[in-house]
$ cat target_10.cif   # mmCIF, C-alpha atoms
data_data
loop_
_atom_site.group_PDB
_atom_site.id
_atom_site.type_symbol
_atom_site.label_atom_id
_atom_site.label_comp_id
_atom_site.auth_asym_id
_atom_site.auth_seq_id
_atom_site.Cartn_x
_atom_site.Cartn_y
_atom_site.Cartn_z
ATOM 1 C CA MET A 1 74.327 62.885 138.586
ATOM 2 C CA SER A 2 77.768 64.407 139.196
ATOM 3 C CA THR A 3 78.652 67.863 137.925
ATOM 4 C CA ALA A 4 81.649 68.106 135.603
ATOM 5 C CA THR A 5 84.518 70.380 136.604
ATOM 6 C CA ILE A 6 84.898 73.125 134.001
ATOM 7 C CA THR A 7 88.528 74.179 133.629
ATOM 8 C CA ALA A 8 90.033 77.270 132.026
ATOM 9 C CA ALA A 9 91.547 74.976 129.383
ATOM 10 C CA ASP A 10 88.068 73.627 128.527
ATOM 11 C CA ILE A 11 86.715 77.148 128.184
ATOM 12 C CA ASN A 12 89.631 78.246 126.016
ATOM 13 C CA LYS A 13 89.280 75.180 123.782
ATOM 14 C CA LEU A 14 85.611 75.969 123.184
ATOM 15 C CA ARG A 15 86.430 79.639 122.589
ATOM 16 C CA GLN A 16 89.087 78.746 120.007
ATOM 17 C CA ALA A 17 86.730 76.348 118.268
ATOM 18 C CA THR A 18 83.728 78.650 118.130
ATOM 19 C CA GLY A 19 84.891 82.239 118.507
ATOM 20 C CA ALA A 20 82.348 82.770 121.290
ATOM 21 C CA GLY A 21 83.195 84.903 124.332
ATOM 22 C CA MET A 22 84.831 83.431 127.429
ATOM 23 C CA MET A 23 81.779 83.907 129.661
ATOM 24 C CA ASP A 24 79.458 82.440 127.031
ATOM 25 C CA CYS A 25 81.750 79.420 126.685
ATOM 26 C CA ARG A 26 81.815 78.929 130.443
ATOM 27 C CA LYS A 27 78.016 79.064 130.597
ATOM 28 C CA ALA A 28 77.658 76.701 127.636
ATOM 29 C CA LEU A 29 79.929 74.101 129.242
ATOM 30 C CA THR A 30 78.189 74.508 132.591
ATOM 31 C CA GLU A 31 74.761 74.070 131.022
ATOM 32 C CA THR A 32 75.871 70.933 129.166
ATOM 33 C CA ASN A 33 77.891 69.454 132.045
ATOM 34 C CA GLY A 34 81.160 69.759 130.140
ATOM 35 C CA ASP A 35 80.013 68.072 126.911
ATOM 36 C CA PHE A 36 82.017 69.881 124.219
ATOM 37 C CA GLU A 37 79.815 69.112 121.217
ATOM 38 C CA ALA A 38 76.646 69.788 123.208
ATOM 39 C CA ALA A 39 78.130 73.108 124.311
ATOM 40 C CA ILE A 40 78.616 74.099 120.654
ATOM 41 C CA ASP A 41 74.970 73.246 119.987
ATOM 42 C CA TRP A 42 73.922 75.201 123.101
ATOM 43 C CA LEU A 43 75.756 78.285 121.828
ATOM 44 C CA ARG A 44 74.134 77.967 118.427
ATOM 45 C CA LYS A 45 70.729 77.609 120.021
ATOM 46 C CA GLN A 46 71.364 80.893 121.855
ATOM 47 C CA GLY A 47 71.848 82.577 118.499
ATOM 48 C CA GLN A 48 75.645 82.718 118.676
ATOM 49 C CA LYS A 49 77.418 83.004 115.323
ATOM 50 C CA VAL A 50 79.814 80.143 115.910
ATOM 51 C CA ALA A 51 81.798 77.934 113.584
ATOM 52 C CA ALA A 52 80.373 74.625 114.765
ATOM 53 C CA LYS A 53 82.682 71.604 114.637
ATOM 54 C CA ARG A 54 85.698 73.523 113.345
ATOM 55 C CA SER A 55 87.925 72.446 116.228
ATOM 56 C CA ASP A 56 89.673 69.881 114.014
ATOM 57 C CA ARG A 57 90.835 72.470 111.499
ATOM 58 C CA GLU A 58 94.334 73.892 111.659
ATOM 59 C CA ALA A 59 94.771 77.631 111.233
ATOM 60 C CA LYS A 60 98.280 77.667 109.771
ATOM 61 C CA GLU A 61 97.820 80.795 107.677
ATOM 62 C CA GLY A 62 97.247 84.314 108.917
ATOM 63 C CA VAL A 63 98.509 87.850 109.224
ATOM 64 C CA ILE A 64 101.232 89.006 111.619
ATOM 65 C CA ILE A 65 101.425 92.664 112.597
ATOM 66 C CA ALA A 66 104.258 94.189 114.644
ATOM 67 C CA ARG A 67 103.720 97.621 116.188
ATOM 68 C CA THR A 68 105.301 99.903 118.794
ATOM 69 C CA SER A 69 103.860 102.600 121.010
ATOM 70 C CA ALA A 70 104.315 106.239 120.002
ATOM 71 C CA ASP A 71 107.275 106.617 122.358
ATOM 72 C CA ASN A 72 108.839 103.332 121.113
ATOM 73 C CA LYS A 73 109.052 101.943 124.639
ATOM 74 C CA VAL A 74 106.511 99.116 124.230
ATOM 75 C CA GLY A 75 106.200 96.705 121.327
ATOM 76 C CA PHE A 76 103.465 94.277 120.300
ATOM 77 C CA VAL A 77 103.210 91.385 117.852
ATOM 78 C CA VAL A 78 99.732 90.085 117.019
ATOM 79 C CA CYS A 79 98.989 87.102 114.785
ATOM 80 C CA ILE A 80 95.439 86.749 113.501
ATOM 81 C CA SER A 81 95.210 83.229 112.111
ATOM 82 C CA CYS A 82 93.068 81.750 109.358
ATOM 83 C CA GLU A 83 93.012 78.530 107.366
ATOM 84 C CA THR A 84 93.978 79.541 103.820
ATOM 85 C CA ASP A 85 96.360 81.949 102.127
ATOM 86 C CA PHE A 86 93.435 83.097 100.007
ATOM 87 C CA VAL A 87 92.061 84.770 103.135
ATOM 88 C CA SER A 88 95.401 85.845 104.610
ATOM 89 C CA LYS A 89 96.345 87.709 101.421
ATOM 90 C CA ASN A 90 92.993 89.465 101.208
ATOM 91 C CA ALA A 91 93.364 93.219 101.754
ATOM 92 C CA ASP A 92 90.268 93.384 103.954
ATOM 93 C CA PHE A 93 91.599 90.638 106.216
ATOM 94 C CA VAL A 94 94.988 92.356 106.493
ATOM 95 C CA ALA A 95 93.192 95.587 107.420
ATOM 96 C CA PHE A 96 91.119 93.661 109.968
ATOM 97 C CA ALA A 97 94.263 92.224 111.573
ATOM 98 C CA THR A 98 95.928 95.637 111.530
ATOM 99 C CA SER A 99 92.984 97.226 113.350
ATOM 100 C CA ILE A 100 93.296 94.631 116.110
ATOM 101 C CA ALA A 101 97.051 95.199 116.428
ATOM 102 C CA ASP A 102 96.477 98.953 116.574
ATOM 103 C CA ALA A 103 93.930 98.374 119.341
ATOM 104 C CA ALA A 104 96.530 96.352 121.262
ATOM 105 C CA VAL A 105 98.901 99.318 121.055
ATOM 106 C CA SER A 106 96.383 102.033 121.925
ATOM 107 C CA ASN A 107 95.079 100.049 124.909
ATOM 108 C CA ASN A 108 98.518 98.764 125.990
ATOM 109 C CA VAL A 109 97.126 95.255 126.421
ATOM 110 C CA LYS A 110 99.183 92.578 128.148
ATOM 111 C CA SER A 111 97.529 89.311 127.094
ATOM 112 C CA VAL A 112 95.316 87.657 124.484
ATOM 113 C CA GLU A 113 92.470 87.593 126.981
ATOM 114 C CA GLU A 114 92.764 91.327 127.557
ATOM 115 C CA LEU A 115 92.964 91.992 123.816
ATOM 116 C CA ASN A 116 89.772 90.016 123.169
ATOM 117 C CA GLU A 117 87.910 92.330 125.574
ATOM 118 C CA VAL A 118 89.116 95.567 123.944
ATOM 119 C CA THR A 119 86.498 97.471 121.954
ATOM 120 C CA ILE A 120 86.958 98.919 118.466
ATOM 121 C CA ASN A 121 84.228 101.341 117.386
ATOM 122 C CA GLY A 122 81.972 99.938 120.105
ATOM 123 C CA ALA A 123 82.517 96.249 119.326
ATOM 124 C CA LYS A 124 84.668 93.851 121.349
ATOM 125 C CA VAL A 125 87.564 92.231 119.498
ATOM 126 C CA ALA A 126 86.201 88.784 120.416
ATOM 127 C CA ASP A 127 82.858 89.654 118.836
ATOM 128 C CA MET A 128 84.536 91.116 115.749
ATOM 129 C CA ILE A 129 86.480 87.891 115.302
ATOM 130 C CA ASN A 130 83.298 85.909 115.794
ATOM 131 C CA ASP A 131 81.521 87.933 113.104
ATOM 132 C CA LYS A 132 84.463 87.632 110.712
ATOM 133 C CA LEU A 133 84.594 83.895 111.326
ATOM 134 C CA ALA A 134 80.915 83.560 110.444
ATOM 135 C CA ALA A 135 81.341 85.755 107.357
ATOM 136 C CA ILE A 136 84.334 84.011 105.764
ATOM 137 C CA GLY A 137 83.633 80.455 106.939
ATOM 138 C CA GLU A 138 87.137 79.808 108.255
ATOM 139 C CA LYS A 139 88.492 79.254 111.742
ATOM 140 C CA ILE A 140 90.223 82.475 112.796
ATOM 141 C CA GLY A 141 91.430 83.974 116.056
ATOM 142 C CA VAL A 142 94.234 85.721 117.924
ATOM 143 C CA ALA A 143 96.726 82.873 117.552
ATOM 144 C CA LYS A 144 99.822 84.566 118.983
ATOM 145 C CA PHE A 145 100.495 87.658 121.051
ATOM 146 C CA GLU A 146 103.829 89.009 122.289
ATOM 147 C CA ARG A 147 104.702 92.195 124.126
ATOM 148 C CA ILE A 148 107.987 93.675 125.334
ATOM 149 C CA GLU A 149 109.064 96.837 127.126
ATOM 150 C CA ALA A 150 112.475 98.488 126.878
ATOM 151 C CA PRO A 151 114.101 101.931 126.730
ATOM 152 C CA TYR A 152 113.683 101.588 122.955
ATOM 153 C CA VAL A 153 111.721 98.969 120.980
ATOM 154 C CA ALA A 154 112.026 98.429 117.231
ATOM 155 C CA SER A 155 109.553 96.419 115.165
ATOM 156 C CA TYR A 156 109.896 94.689 111.823
ATOM 157 C CA ILE A 157 107.471 92.803 109.568
ATOM 158 C CA HIS A 158 108.917 90.348 107.077
ATOM 159 C CA GLY A 159 107.536 88.498 104.072
ATOM 160 C CA ALA A 160 104.093 90.004 103.469
ATOM 161 C CA ASN A 161 103.010 89.817 107.106
ATOM 162 C CA ARG A 162 104.273 86.249 107.605
ATOM 163 C CA MET A 163 106.742 87.138 110.360
ATOM 164 C CA GLY A 164 106.988 89.856 112.981
ATOM 165 C CA VAL A 165 109.965 90.804 115.146
ATOM 166 C CA LEU A 166 110.323 93.008 118.201
ATOM 167 C CA VAL A 167 113.701 93.925 119.629
ATOM 168 C CA GLY A 168 114.277 95.868 122.826
ATOM 169 C CA LEU A 169 117.418 97.996 123.083
ATOM 170 C CA SER A 170 119.084 99.583 126.102
ATOM 171 C CA ALA A 171 118.878 103.030 124.481
ATOM 172 C CA GLU A 172 117.303 104.753 121.495
ATOM 173 C CA ALA A 173 118.930 103.610 118.242
ATOM 174 C CA PRO A 174 116.394 103.347 115.388
ATOM 175 C CA GLU A 175 118.793 102.243 112.636
ATOM 176 C CA ALA A 176 120.475 99.654 114.839
ATOM 177 C CA GLY A 177 117.078 98.438 116.003
ATOM 178 C CA LYS A 178 115.961 97.844 112.424
ATOM 179 C CA ASP A 179 119.225 96.096 111.516
ATOM 180 C CA VAL A 180 119.066 93.766 114.509
ATOM 181 C CA ALA A 181 115.375 93.034 113.954
ATOM 182 C CA MET A 182 116.228 91.968 110.400
ATOM 183 C CA GLN A 183 119.075 89.840 111.793
ATOM 184 C CA ILE A 184 116.629 88.095 114.126
ATOM 185 C CA ALA A 185 114.216 87.476 111.259
ATOM 186 C CA ALA A 186 116.949 85.958 109.090
ATOM 187 C CA MET A 187 118.988 84.005 111.644
ATOM 188 C CA ASN A 188 116.336 82.977 114.209
ATOM 189 C CA PRO A 189 118.537 83.021 117.334
ATOM 190 C CA LEU A 190 117.440 81.076 120.407
ATOM 191 C CA ALA A 191 118.309 83.786 122.913
ATOM 192 C CA VAL A 192 120.080 87.102 123.401
ATOM 193 C CA ASP A 193 123.244 85.484 124.810
ATOM 194 C CA ALA A 194 124.452 82.226 126.370
ATOM 195 C CA ASN A 195 123.196 83.273 129.804
ATOM 196 C CA SER A 196 119.677 83.612 128.361
ATOM 197 C CA ILE A 197 119.462 80.031 127.083
ATOM 198 C CA PRO A 198 117.524 77.757 129.468
ATOM 199 C CA SER A 199 119.756 75.347 131.372
ATOM 200 C CA ASP A 200 117.831 72.312 130.126
ATOM 201 C CA THR A 201 118.526 73.365 126.519
ATOM 202 C CA ILE A 202 122.227 73.676 127.293
ATOM 203 C CA GLU A 203 122.344 70.291 129.013
ATOM 204 C CA ARG A 204 120.474 68.653 126.138
ATOM 205 C CA GLU A 205 122.941 70.135 123.646
ATOM 206 C CA ARG A 206 125.896 69.066 125.808
ATOM 207 C CA ALA A 207 124.549 65.510 125.948
ATOM 208 C CA ILE A 208 124.172 65.448 122.161
ATOM 209 C CA VAL A 209 127.744 66.670 121.702
ATOM 210 C CA LEU A 210 129.139 64.042 124.088
ATOM 211 C CA GLU A 211 127.162 61.201 122.500
ATOM 212 C CA THR A 212 128.328 62.272 119.048
ATOM 213 C CA MET A 213 131.912 62.329 120.214
ATOM 214 C CA LYS A 214 131.635 58.869 121.782
ATOM 215 C CA ALA A 215 130.519 57.507 118.420
ATOM 216 C CA ASP A 216 133.452 59.157 116.622
ATOM 217 C CA PRO A 217 136.327 56.665 116.118
ATOM 218 C CA LYS A 218 138.786 59.574 116.227
ATOM 219 C CA MET A 219 137.878 60.134 119.890
ATOM 220 C CA ALA A 220 138.650 56.567 120.923
ATOM 221 C CA GLY A 221 141.363 56.428 123.578
ATOM 222 C CA LYS A 222 141.494 60.187 124.062
ATOM 223 C CA PRO A 223 141.974 61.386 127.657
ATOM 224 C CA GLU A 224 138.733 62.463 129.373
ATOM 225 C CA GLU A 225 140.127 65.945 129.944
ATOM 226 C CA MET A 226 140.758 66.378 126.233
ATOM 227 C CA VAL A 227 137.295 65.053 125.340
ATOM 228 C CA ALA A 228 135.703 67.459 127.823
ATOM 229 C CA LYS A 229 137.680 70.383 126.406
ATOM 230 C CA ILE A 230 136.652 69.548 122.831
ATOM 231 C CA ALA A 231 133.032 69.161 123.944
ATOM 232 C CA GLU A 232 133.045 72.613 125.533
ATOM 233 C CA GLY A 233 134.507 74.010 122.325
ATOM 234 C CA LYS A 234 131.653 72.497 120.340
ATOM 235 C CA LEU A 235 129.184 73.884 122.860
ATOM 236 C CA ASN A 236 130.705 77.345 122.483
ATOM 237 C CA ALA A 237 130.255 77.007 118.719
ATOM 238 C CA PHE A 238 126.584 76.241 119.380
ATOM 239 C CA PHE A 239 126.298 79.447 121.428
ATOM 240 C CA LYS A 240 128.011 81.466 118.696
ATOM 241 C CA GLU A 241 125.574 80.203 116.083
ATOM 242 C CA ASN A 242 122.400 80.378 118.160
ATOM 243 C CA THR A 243 122.718 83.423 120.414
ATOM 244 C CA LEU A 244 122.014 86.838 118.933
ATOM 245 C CA LEU A 245 124.904 88.891 120.302
ATOM 246 C CA ALA A 246 127.482 86.246 119.352
ATOM 247 C CA GLN A 247 126.201 85.760 115.800
ATOM 248 C CA ALA A 248 128.066 87.213 112.844
ATOM 249 C CA PHE A 249 126.319 90.408 111.800
ATOM 250 C CA VAL A 250 124.587 89.704 108.475
ATOM 251 C CA LYS A 251 125.483 93.126 107.017
ATOM 252 C CA ASP A 252 129.155 92.818 107.950
ATOM 253 C CA GLY A 253 130.476 89.341 108.694
ATOM 254 C CA SER A 254 133.644 90.758 110.237
ATOM 255 C CA LEU A 255 131.580 91.936 113.225
ATOM 256 C CA THR A 256 129.455 90.121 115.757
ATOM 257 C CA VAL A 257 126.052 91.630 116.492
ATOM 258 C CA GLU A 258 127.400 92.684 119.891
ATOM 259 C CA ALA A 259 130.333 94.508 118.270
ATOM 260 C CA TYR A 260 128.046 96.166 115.731
ATOM 261 C CA LEU A 261 125.779 97.460 118.508
ATOM 262 C CA LYS A 262 128.763 98.906 120.373
ATOM 263 C CA SER A 263 129.834 100.725 117.212
ATOM 264 C CA ALA A 264 126.266 101.993 116.746
ATOM 265 C CA GLY A 265 126.168 103.854 120.051
ATOM 266 C CA ASN A 266 127.212 101.339 122.682
ATOM 267 C CA VAL A 267 123.720 99.857 122.988
ATOM 268 C CA THR A 268 122.737 96.264 123.601
ATOM 269 C CA VAL A 269 119.685 94.034 123.246
ATOM 270 C CA THR A 270 117.555 93.561 126.354
ATOM 271 C CA GLU A 271 114.972 91.196 124.845
ATOM 272 C CA PHE A 272 113.483 90.101 121.536
ATOM 273 C CA LYS A 273 110.448 88.256 120.184
ATOM 274 C CA ARG A 274 110.144 86.548 116.811
ATOM 275 C CA VAL A 275 106.716 85.312 115.654
ATOM 276 C CA ALA A 276 106.285 83.424 112.384
ATOM 277 C CA LEU A 277 103.476 81.544 110.682
ATOM 278 C CA GLY A 278 103.611 77.767 110.570
#

$ encode --input "target_10.cif" --output "structure tokens"
Amino acid sequence: MSTATITAADINKLRQATGAGMMDCRKALTETNGDFEAAIDWLRKQGQKVAAKRSDREAKEGVIIARTSADNKVGFVVCISCETDFVSKNADFVAFATSIADAAVSNNVKSVEELNEVTINGAKVADMINDKLAAIGEKIGVAKFERIEAPYVASYIHGANRMGVLVGLSAEAPEAGKDVAMQIAAMNPLAVDANSIPSDTIERERAIVLETMKADPKMAGKPEEMVAKIAEGKLNAFFKENTLLAQAFVKDGSLTVEAYLKSAGNVTVTEFKRVALG
């Protein structure tokens, strides 16, 4: 009988479905030769408090917490997911998510895996999630985790913990940081500037523009040079709408975000993260 190869993806899938620890999931899959359902049963037989057969449920609800370190040089966004808004709006669940985000900050964690191993009052985060999962009967977990470092990081939580934003600035500017974080929440830019947009995204957008123009009767018979120039103009409009620094500043439409930041102390954005439910 051949032995199944247990991959990290298999282990993570079982962990997400059951809330059990990584090492326990690895052992369960090894003991059951990679059989997912049998591994769930194995964990339950070992006394694990797992949510058996919840892998088909979607955890679209949850709580998002954005935090920064005391010196405002590192920022974290943590999303603790659940299945219903009944749970996500519960004060105890919000406090539970907040304690995990605070642990991420105090331990300066750099990944979900590292966060799951952090202890809070003697209990590992992974075990706390496992216990909470068993108590409320819903699939929960650390669904999203983001971290940035910069000379100054601002954080913002929007819509009753349904969205979290981090923005890194080139220098300390608390008011500007808050304003730009709110801009990111409202306008959902793709990148800081045109140079930050992946080349494949740019090429895909360029192809869409050109195909649209080919289908436009007004473009028929136009010289190629003119068509190319118009296409680049449309692409520049795409950059203006979808890159943070080029966007119109929501508090003053006469300024771009870049111009606002210059007026607020000649700072600029180094990086940002926007995490939302759904």

$ closest_atom_pairs --input "target_10.cif" --of "stretch 102-212 of chain A" --to "stretch 23-38 of chain A" --cutoff "12 Å" --atoms "only C-alpha atoms" --output "Markdown table"
| residue | atom | partner | partner_atom | distance |
| --- | --- | --- | --- | --- |
| A:Glu113 | CA | A:Met23 | CA | 11.6 |
| A:Asn116 | CA | A:Met23 | CA | 12.0 |
| A:Glu117 | CA | A:Met23 | CA | 11.2 |
| A:Ala126 | CA | A:Met23 | CA | 11.3 |
| A:Asp127 | CA | A:Asp24 | CA | 11.4 |

$ resolve_selection --input "target_10.cif" --expression "the PyMOL selection byres ((chain A and resi 243) around 7)" --output "PDB file with C-alpha atoms, in the frame of the given file"
ATOM      1  CA  PRO A 189     118.537  83.021 117.334  1.00  0.00           C
ATOM      2  CA  LEU A 190     117.440  81.076 120.407  1.00  0.00           C
ATOM      3  CA  ALA A 191     118.309  83.786 122.913  1.00  0.00           C
ATOM      4  CA  VAL A 192     120.080  87.102 123.401  1.00  0.00           C
ATOM      5  CA  ASP A 193     123.244  85.484 124.810  1.00  0.00           C
ATOM      6  CA  ALA A 194     124.452  82.226 126.370  1.00  0.00           C
ATOM      7  CA  PHE A 239     126.298  79.447 121.428  1.00  0.00           C
ATOM      8  CA  LYS A 240     128.011  81.466 118.696  1.00  0.00           C
ATOM      9  CA  GLU A 241     125.574  80.203 116.083  1.00  0.00           C
ATOM     10  CA  ASN A 242     122.400  80.378 118.160  1.00  0.00           C
ATOM     11  CA  LEU A 244     122.014  86.838 118.933  1.00  0.00           C
ATOM     12  CA  LEU A 245     124.904  88.891 120.302  1.00  0.00           C
ATOM     13  CA  ALA A 246     127.482  86.246 119.352  1.00  0.00           C
ATOM     14  CA  GLN A 247     126.201  85.760 115.800  1.00  0.00           C
TER      15      GLN A 247
END

$ resolve_selection --input "target_10.cif" --expression "the PyMOL selection byres ((chain A and resi 141) around 8)" --output "JSON, numbers by chain"
{"A": [16, 19, 80, 81, 82, 129, 139, 140, 142, 143]}

$ atom_distance --input "target_10.cif" --atom1 "atom CA of A:Lys132" --atom2 "atom CA of A:Phe96"
9.0 Å

$ axis_aligned_box --input "target_10.cif" --around "stretch 105-116 of chain A" --padding-each-side "4 Å" --output "AutoDock Vina command-line options"
--center_x 94.5 --center_y 94.8 --center_z 124.6 --size_x 17.4 --size_y 22.4 --size_z 15.1

$ residues_around --input "target_10.cif" --residues "A:Lys214" --least-positions-apart "6" --cutoff "10 Å" --atoms "only C-alpha atoms" --output "PyMOL selection string"
chain A and resi 208+220+227

$ residues_near_point --input "target_10.cif" --point "(107.6, 89.7, 109.8)" --cutoff "8 Å" --atoms "only C-alpha atoms" --output "MDAnalysis selection string"
chainID A and resid 64:66 156:165 185 275:276

$ closest_residue --input "target_10.cif" --among "A:Asp41, A:Gly62, A:Glu211, A:Val257" --to "A:Gly278" --atoms "only C-alpha atoms"
A:Gly62

$ closest_residue --input "target_10.cif" --among "A:Ala9, A:Ala103, A:Leu169, A:Val269" --to "A:Ser196" --atoms "all atoms listed in the file"
A:Val269

$ closest_residue --input "target_10.cif" --among "A:Asn107, A:Thr98, A:Asn266, A:Ser69" --to "A:Ile148" --atoms "all atoms listed in the file"
A:Ser69

$ build_atoms --input "target_10.cif" --residues "stretch 103-127 of chain A" --atoms "N, CA and C atoms" --output "mmCIF file, in the coordinates of the input"
data_model
loop_
_atom_site.group_PDB
_atom_site.id
_atom_site.type_symbol
_atom_site.label_atom_id
_atom_site.label_comp_id
_atom_site.auth_asym_id
_atom_site.auth_seq_id
_atom_site.Cartn_x
_atom_site.Cartn_y
_atom_site.Cartn_z
ATOM 1 N N ALA A 103 94.678 98.318 118.081
ATOM 2 C CA ALA A 103 93.930 98.374 119.341
ATOM 3 C C ALA A 103 94.786 97.863 120.500
ATOM 4 N N ALA A 104 95.618 96.860 120.229
ATOM 5 C CA ALA A 104 96.530 96.352 121.262
ATOM 6 C C ALA A 104 97.480 97.448 121.716
ATOM 7 N N VAL A 105 97.978 98.224 120.738
ATOM 8 C CA VAL A 105 98.901 99.318 121.055
ATOM 9 C C VAL A 105 98.196 100.423 121.825
ATOM 10 N N SER A 106 97.059 100.882 121.312
ATOM 11 C CA SER A 106 96.383 102.033 121.925
ATOM 12 C C SER A 106 95.855 101.721 123.321
ATOM 13 N N ASN A 107 95.574 100.440 123.588
ATOM 14 C CA ASN A 107 95.079 100.049 124.909
ATOM 15 C C ASN A 107 96.160 99.415 125.784
ATOM 16 N N ASN A 108 97.381 99.320 125.245
ATOM 17 C CA ASN A 108 98.518 98.764 125.990
ATOM 18 C C ASN A 108 98.154 97.426 126.647
ATOM 19 N N VAL A 109 97.581 96.532 125.871
ATOM 20 C CA VAL A 109 97.126 95.255 126.421
ATOM 21 C C VAL A 109 98.316 94.359 126.752
ATOM 22 N N LYS A 110 98.092 93.426 127.661
ATOM 23 C CA LYS A 110 99.183 92.578 128.148
ATOM 24 C C LYS A 110 98.946 91.092 127.933
ATOM 25 N N SER A 111 97.814 90.728 127.318
ATOM 26 C CA SER A 111 97.529 89.311 127.094
ATOM 27 C C SER A 111 96.483 89.164 125.999
ATOM 28 N N VAL A 112 96.353 87.942 125.480
ATOM 29 C CA VAL A 112 95.316 87.657 124.484
ATOM 30 C C VAL A 112 93.938 87.893 125.078
ATOM 31 N N GLU A 113 93.759 87.437 126.328
ATOM 32 C CA GLU A 113 92.470 87.593 126.981
ATOM 33 C C GLU A 113 92.071 89.061 127.094
ATOM 34 N N GLU A 114 93.030 89.896 127.442
ATOM 35 C CA GLU A 114 92.764 91.327 127.557
ATOM 36 C C GLU A 114 92.463 91.933 126.191
ATOM 37 N N LEU A 115 93.187 91.485 125.169
ATOM 38 C CA LEU A 115 92.964 91.992 123.816
ATOM 39 C C LEU A 115 91.564 91.641 123.325
ATOM 40 N N ASN A 116 91.106 90.434 123.613
ATOM 41 C CA ASN A 116 89.772 90.016 123.169
ATOM 42 C C ASN A 116 88.655 90.868 123.768
ATOM 43 N N GLU A 117 88.922 91.509 124.904
ATOM 44 C CA GLU A 117 87.910 92.330 125.574
ATOM 45 C C GLU A 117 87.946 93.797 125.146
ATOM 46 N N VAL A 118 88.996 94.187 124.411
ATOM 47 C CA VAL A 118 89.116 95.567 123.944
ATOM 48 C C VAL A 118 88.022 95.865 122.908
ATOM 49 N N THR A 119 87.527 97.098 122.924
ATOM 50 C CA THR A 119 86.498 97.471 121.954
ATOM 51 C C THR A 119 87.085 98.346 120.847
ATOM 52 N N ILE A 120 86.596 98.118 119.634
ATOM 53 C CA ILE A 120 86.958 98.919 118.466
ATOM 54 C C ILE A 120 85.652 99.425 117.864
ATOM 55 N N ASN A 121 85.477 100.738 117.878
ATOM 56 C CA ASN A 121 84.228 101.341 117.386
ATOM 57 C C ASN A 121 82.992 100.702 118.035
ATOM 58 N N GLY A 122 83.104 100.449 119.344
ATOM 59 C CA GLY A 122 81.972 99.938 120.105
ATOM 60 C C GLY A 122 81.806 98.440 120.109
ATOM 61 N N ALA A 123 82.626 97.713 119.370
ATOM 62 C CA ALA A 123 82.517 96.249 119.326
ATOM 63 C C ALA A 123 83.752 95.607 119.946
ATOM 64 N N LYS A 124 83.544 94.556 120.754
ATOM 65 C CA LYS A 124 84.668 93.851 121.349
ATOM 66 C C LYS A 124 85.418 93.069 120.268
ATOM 67 N N VAL A 125 86.741 92.971 120.444
ATOM 68 C CA VAL A 125 87.564 92.231 119.498
ATOM 69 C C VAL A 125 87.062 90.796 119.357
ATOM 70 N N ALA A 126 86.700 90.161 120.467
ATOM 71 C CA ALA A 126 86.201 88.784 120.416
ATOM 72 C C ALA A 126 84.960 88.682 119.545
ATOM 73 N N ASP A 127 84.076 89.666 119.651
ATOM 74 C CA ASP A 127 82.858 89.654 118.836
ATOM 75 C C ASP A 127 83.168 89.940 117.369
#
